[in-house]
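Peer 1: Structure provided below as C-alpha cells; questions to follow.
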Amino acid sequence: MTDLLSVENLTVSFRRGSAAVDDVSLTVARSQTVGLVGESGSGKTTIGRAILGLVTPTSGRIRFDGTRPGNEAASGRGHPARRVQTAPIQTGLIQTVFQDPGSSLNPARTVGRSIAEPLAALGTASAASLRERTRELLQAVGLPADAGGRYPHEFSGGQRQRIAIARALAASPELVICDEPTSSLDLSTQAQMLNLLGDLRASRGLSYLFISHDLAVVRHMADRIVVLYRGRVMEAGPAEQVSEQPLHPYTRALRAAAPVADVARQRQRRAERQQLIKPGGDLVASGADACPYAARCVFAAPVCVSRRPRQVEVGLVQLECHRYDPDSGYPQLSCAAPTI
Amino acid sequence: MAQAGRLPATRAWLRALLHSPVSAVSLLWLLAVVVVSVFAPLLAPYSPVQDNLTALFQGPSLHHLLGTDELGRDVLSRLMFGGGTLLWGAAEATGVALLLGVPAGLLAGYSGGKPDRLLSWLADLSFAVPAFVVVVALAVIYPQNVVILMGALGVIAAGGVLRFTRNLTRAVRDELYVDAARVDGLTRRQILVGHVLPVISPPLVVQAFTGMSVGVIVLASLSFLGLGTNPETPNWGQLIYDASQQVTTDPWLMVPSGAVLVLTVMALNFLGSSVRDLAPGTRPGVRVRRPRRTGPGRWLPPAESAAPDESAQVPVEPSAESLLRVRDLVVAFPAPGEGRLQAVVDRVSFDLPAGQTLGLVGESGCGKTMSVLAIQGLIPAPGVIASGSVRFDGTELISASSRSVAAVRGTRIGYISQDPMTALDPSFTIGSQLREVLRRHTRAGRRVVRERSLDLLREVGIADPAATARLYPHQISGGMAQRVAIAIALSGQPDLLIADEPTTALDVTVQAEILDLLRDLKERRTMALLLVTHDLGVVADACDSVAVMYAGQIVEQGGAEDVLSNSRHPYTLGLLSSMPAATGTRARLAAIRGAVPAPRDWPVSCRFAPRCPLAADVCRVGPVALAQAGPGRLSRCVRLAELPELTAEQVLA
C-alpha cells in the first residue's frame with residue numbers, strides 16, 4: 001500500500017506554552033481508515049486542522065500524494081503549511097466533515113449552494129452540472145434530491161451532518177478528515193451515520209482520517225488506531241489489537257473507562273478501570289522531559305518523570321512507554337507480559 | 001440552482017414582511033414618502049414657495065388640505081416637497097458610512113493582526129470626533145451644501161459601522177463553514193463576500209435603517225437651526241422651525257411637519273428590525289401565551305388517552321416505602337399556532353426506593369429531562385405540569401405550594417446538570433459559593449460552615465480542598481467542576497440526587513471517576529439516585545433499574561441487568577444494536593431507521609411503529625399500553641409475546 005498522506009514529526013505550538021501537537025508522525029494509506037483517538041487536549045483536532053492547512057505547523061512535514069501531481073513541499077519555519085497544502089486543497093482532494101453540524105453549514109445559504117461550493121470553487125463545472133451533481137449527492141447521503149433549495153435550520157442535526165458529508169464528497173476527494181462526525185448525534189443517528197460513512201468508503205474508495213474521543217466508534221471505523229495523549233502518540237497499531245489488547249497504560253485506561261451496555265461485563269470493566277485509573281490525576285502537569293501520562297499512570301516509576309519515553313515496537317504496535325523499552329531502566333521490566 | 005432557489009425565497013420573504021401589519025404599514029409609508037418626494041412637482045397642488053397673503057394661517061380646508069402658513073403657503077405642498085432632501089441626504093450619509101465601514105470592518109475582523117489594529121485605531125479616532133459639531137462647523141463654511149454635510153457625517157459614522165462589522169465578522173470567522181470554505185481554496189474575497197457578508201448583513205441592515213433615521217434627524221435639525229438647506233427648497237426641519245416661530249398664533253402648523261418626521265423615523269426603525277427578523281436562518285421570536293392556571297379540563301390530551309392506560313394498574317413494584325413515586329405525570333407545552341397544549345411527557349410513572357439508582361434513558365427529544373424537571377417543579381415557561389402526581393417521601397409535590405416545593409428542592413432533592421459550569425457563578429470562588437449554599441441550609445457559624453464546606457469537597461474526592469476552595473470556576477477542569485457541583489448538591493443532605501447527563505460533557509476517564517463517586521456517595525449516604533442518560537453503558541455501570549423513554553412515554557422498564565441483556569422492546573433492542581462496540585470492524589450496524597419525531601408528529605398508535613422493523617398492522621390500530629413483561633418488568637409492545645424468540649440482530653435485520 002502506498003501512503004496517501006504522511007505526517008512526519010508534526011509539532012504545533014500556540015503562542016508560548018507547551019505544544020498542542022508534539023512530534024507526531026502518522027500515515028494514511030490509500031483506501032485505509034486511520035482512527036485518531038484521545039481525550040480533550042490530546043491534539044487530535046489540531047492534527048486534522050494542520051493537515052487541512054487551517055493551522056500552521058511549527059515544524060514537521062505533511063505530504064499528500066494525491067493523483068494530481070505537484071503537491072509536495074518541504075516545511076520548516078515560516079508558513080510551510082500554506083505551500084504544502086495548496087495543491088491538494090485546490091483540487092479538492094482532501095475534504096472534511098466537522099463535529100458540529102450546527103456550525104458547519106452557512107445558515108444564510110441554501111444547502112444546495114453549500115454542497116456545490118467545493119465543486120464551484122474548482123471553477124470547472126457548469127451551473128447545470130452543479131445542479132445535477134447536488135441532486136445526486138443528496139441522494140447518495142440518503143436525503144431527497146430536491147432538498148437543495150432549503151436552509152440548514154430546516155433540517156435536524158443528523159440530516160445536517162448528512163448534508164455536510166455530501167458537501168465533502170462534492171469534489172470527489174481521496175481523503176476525508178472526519179473530526180468527531182457523530183459525537184453530537186443521538187445513538188441511532190450515530191449508527192446511521194457510521195453506516196453511511198462506511199458505505200461511501202466502500203463505493204467511492206475513500207480514505208478517512210477518523211478523529212474521535214470514543215474508542216468504540218474508532219474501533220468500528222478504523223483499520224489502524226493512533227492513540228494520542230497531550231499531543232503525543234502513546235500507541236499506534238492495527239485497530240483490533242489496539243482496542244482489544246491495548247498495551248500502553250493510557251490506552252488500557254481509555255478502554256476500561258468506556259462502559260459497555262452489559263451489567264456483568266461492565267462489572268469486570270469497572271474493577272479493571274479502578275485498577276488502571278488514578279483519581280484526581282488530571283490535576284498534575286508533567287514537565288517537558290517526562291512521559292506526559294506519568295502523572296496519571298498507575299505504573300509510573302521514577303524513570304517516567306525523569307525521561308521521556310522513546311518509541312518502541314512490540315509486534316505490530318508502536319508504543320511510547322518505558323515499560324516496554326528494555327533499555328529504559330524501568331524496574332521489574334518484563335517486556336512480554338506486564339502483570340496487570 | 002442558486003438562482004432557482006433564490007427567487008421564491010425572496011418572494012416568500014417579501015410576503016412574510018408584508019404579513020406583519022407594522023412592517024407593512026412602515027413599508028407603505030416609506031414608499032409613499034419616496035414616491036411623493038420624487039413626483040412632488042406633479043402631485044403637489046401648489047408651489048411650495050408661493051405666497052398668498054390673502055390666506056394666512058388657514059386651518060385645513062378643501063382648498064388647503066393641511067391649511068396654510070404665515071405667508072399663506074400651502075402646508076401640504078411644502079410637506080410634499082420637503083421630504084426629498086432629507087431622504088437623499090440621509091441615504092447619502094448612510095451609503096458613505098456603509099461603503100467605507102463595511103469593507104474595512106470585514107478586512108479588520110477577518111484578517112486580524114496589523115490591519116485590524118490600524119483600522120480599529122481609526123474607528124476609535126472617529127468616536128472622539130463630535131459629529132454634530134463638525135457638521136455644524138462645515139455648514140458655516142459650506143452653507144446649504146447637503147452633499148458635503150451629509151458626506152462628512154457619513155465619513156464620521158463609518159467608524160461605528162467599521163467597529164460593528166469587525167465584531168460581527170470576528171464571530172463568523174471561526175465558524176466551521178468558513179473553515180470548510182478555506183479548505184476548498186476559496187480566496188479571502190470569496191469568503192468575505194460569499195460567506196461572511198450574507199450572515200452579518202441582517203444586523204447591518206438594521207444598522208443601515210437606524211443610520212437613515214439618524215441622518216434624517218440630523219439634517220432636519222440642521223435645517224431647524226437654519227444651516228442645512230436652501231430656504232427656497234424647504235425641508236421638514238425648516239417647516240418645524242417655521243412652525244415653532246408661530247406656535248402661539250397657530251399651533252396647528254406644528255402638527256403636519258412634526259408628524260411626518262416622526263412617522264418616517266419610526267417607519268425606518270420598524271422596517272429595520274422586521275427585515276432582520278426575516279433573514280434566513282433566524283427565526284422570528286415565537287410568542288406563546290402562557291396558559292392561565294391549568295386545570296385538568298384545559299389539557300387536550302392526545303387521542304390516545306381515550307383508551308385507559310393500564311400502566312396505572314400495573315405498578316413496577318407496588319411498594320409503599322418508595323422514596324419517590326411518580327404517577328401519570330404529564331408535562332405539556334402550548335402547541336405553536338394552536339390553542340391547545342401538546343404533551344411532551346405522557347403519563348410517566350415510576351418508583352424509586354431509597355438507596356437505589358434508576359436510569360432514565362432514551363434519545364434527545366424523548367422527554368427525559370422534562371420528566372426530572374417536573375419532579376422539581378422547574379418546568380420552564382410556557383410549559384406546565386398538566387396532570388399526574390409526584391410523591392416524595394409521602395408528600396405530594398405537584399399540588400403543593402411553590403414554597404413547600406422550594407423547601408424540598410435543594411435540600412432533600414439535589415440536582416446536577418450536564419454542564420457543571422451552569423451551577424457555578426464565574427465571579428465567585430468555589431469556596432464562597434459552597435459556603436453560601438451551606439448557610440442557606442444551616443444556622444451554623446462561619447467556622448462550622450467553612451469546616452463543612454471543606455468536608456464536602458473532600459467527600460467528592462477533591463485532593464486539596466482548601467486550595468480548591470480558593471479557585472474560581474474557570475480555573476478548574478470540567479471533571480473537577482462536576483465534583484464541585486455534586487458537593488453543592490450534597491450540601492442540603494439530600495435523600496434523592498437527580499443527575500441529568502452528569503458525565504456527557506466529560507472525557508471518558510473522567511466520566512468513570514464521576515460514576516465511581518456517585519456510586520460511592522449513594523452507598524455511603526443511602527441516597528437515591530435518578531440518573532438521566534443516553535448512554536446504555538452508563539446504565540450498566542451505575543443503575544439498579546432502568547426506564548427507557550421514547551417519544552414522551554416509558555416503553556420499557558425493569559432491572560438494569562434484565563433490560564440490557566434481555567430487552568423486551570424493539571426500541572431498546574435498536575439502541576443496543578446501534579452501539580458500535582457490539583460489532584467488529586467495518587461491519588454495518590443494525591441502526592434504527594429515521595429519527596425521533598417532534599411531539600406534534602407522534603403517532604396515535606404505537607409511537608415507535610414508523611421506525612420499528614417489527615411493526616405490523618396490529619401496531620397501527622391504537623395506543624399501546626404498558627404491559628407486564630415478566631416479574632418486575634414492563635414493556636409497551638403489541639408484539640411482546642413474539643419478542644423472546646428474536647435476537648436484536650434478527651429484530652433489526
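How things are named: the first chain in the C-alpha cells is A, the next is B, and so on; residues count from 1 in each chain; ligands count from 1 in the order shown.
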DSSP says alpha helix (DSSP H) for which residues of segment 321-482 of chain B? Put them as a PyMOL selection string?
Peer 2: chain B and resi 368-375+402-408+430-441+446-459+465-469+478-482
Peer 1: Could you please write out, as an MDAnalysis selection string, every residue of segment 365-587 of chain B that DSSP assigns to strand (DSSP E or B)?
Peer 2: chainID B and resid 384:392 395:396 409 413:416 496:500 528:533 545:550 553:559
Peer 1: Find the residues around Arg150 of chain A up to 9 Å (only C-alpha atoms counted), leave out those fewer than 3 positions away in its own chain, and share them as a PyMOL selection string.
Peer 2: (chain A and resi 109-112+146-147+153-155) or (chain B and resi 5)
Peer 1: Any chance you can output those residues with C-alpha atoms as a PDB file, in the first residue's frame?
Peer 2:
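Output contents, as saved in result-v6.pdb:
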ATOM      1  CA  ARG A 109     -27.211  29.748   2.248  1.00  0.00           C
ATOM      2  CA  THR A 110     -29.393  27.052   0.816  1.00  0.00           C
ATOM      3  CA  VAL A 111     -27.879  23.649   1.468  1.00  0.00           C
ATOM      4  CA  GLY A 112     -27.632  23.113  -2.269  1.00  0.00           C
ATOM      5  CA  ASP A 146     -34.876  18.297  -4.095  1.00  0.00           C
ATOM      6  CA  ALA A 147     -33.723  19.246  -0.574  1.00  0.00           C
ATOM      7  CA  HIS A 153     -32.321  25.353  10.024  1.00  0.00           C
ATOM      8  CA  GLU A 154     -34.999  23.292   8.312  1.00  0.00           C
ATOM      9  CA  PHE A 155     -33.028  20.096   8.975  1.00  0.00           C
TER      10      PHE A 155
ATOM     11  CA  GLY B   5     -33.568  28.667  -5.129  1.00  0.00           C
TER      12      GLY B   5
END
Peer 1: What separation in Å, quoted to one decimal, exists between atom CA of Leu222 of chain B and atom CA of Ala137 of chain B?
Peer 2: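 If I compute the distance from atom CA of Leu222 of chain B to atom CA of Ala137 of chain B, I get 10.9 Å.
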Peer 1: Report as a PyMOL selection string all protein, DNA and RNA residues lying within 12 Å of Asp455 of chain B, evaluated on only C-alpha atoms, omitting residues in the same chain fewer than 2 positions from it.
Peer 2: chain B and resi 431+434-435+438+448-453+457-466+469+484+487-488+490-491
Peer 1: What is the atom CA of Phe98 of chain A to atom CA of Asp174 of chain B distance in Å?
Peer 2: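 Computed distance, atom CA of Phe98 of chain A to atom CA of Asp174 of chain B, equals 12.8 Å.
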Peer 1: Skip Leu200 of chain A itself and residues of its chain fewer than 6 positions away, then list as an MDAnalysis selection string all residues within 10 Å of it, counting only C-alpha atoms.
Peer 2: chainID A and resid 140:141 165 169 194 206
Peer 1: How would the residues just chosen look if you wrote them out with N, CA and C atoms as a PDB file, in the first residue's frame?
Peer 2:
ATOM      1  N   ALA A 140     -27.190  10.335  -2.540  1.00  0.00           N
ATOM      2  CA  ALA A 140     -26.150   9.420  -2.066  1.00  0.00           C
ATOM      3  C   ALA A 140     -26.074   9.407  -0.544  1.00  0.00           C
ATOM      4  N   VAL A 141     -26.422  10.516   0.105  1.00  0.00           N
ATOM      5  CA  VAL A 141     -26.370  10.537   1.569  1.00  0.00           C
ATOM      6  C   VAL A 141     -27.749  10.312   2.176  1.00  0.00           C
ATOM      7  N   ILE A 165     -21.645  15.764   4.851  1.00  0.00           N
ATOM      8  CA  ILE A 165     -20.934  14.676   4.166  1.00  0.00           C
ATOM      9  C   ILE A 165     -21.080  14.839   2.654  1.00  0.00           C
ATOM     10  N   LEU A 169     -18.105  15.305  -0.204  1.00  0.00           N
ATOM     11  CA  LEU A 169     -17.898  14.390  -1.334  1.00  0.00           C
ATOM     12  C   LEU A 169     -17.961  15.089  -2.686  1.00  0.00           C
ATOM     13  N   LEU A 194     -22.492   6.239  10.825  1.00  0.00           N
ATOM     14  CA  LEU A 194     -21.336   5.354  10.663  1.00  0.00           C
ATOM     15  C   LEU A 194     -21.563   4.404   9.486  1.00  0.00           C
ATOM     16  N   LEU A 206     -12.779   5.709  -0.596  1.00  0.00           N
ATOM     17  CA  LEU A 206     -12.253   6.833   0.174  1.00  0.00           C
ATOM     18  C   LEU A 206     -11.275   6.370   1.237  1.00  0.00           C
TER      19      LEU A 206
END
Peer 1: From the set A:Thr11, A:Ser243, A:Ser6, A:Asn106, which residue has the shortest atom-to-atom contact distance to chain B, counting only C-alpha atoms?
Peer 2: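 Comparing A:Thr11, A:Ser243, A:Ser6, A:Asn106 against chain B, the winner is A:Asn106.
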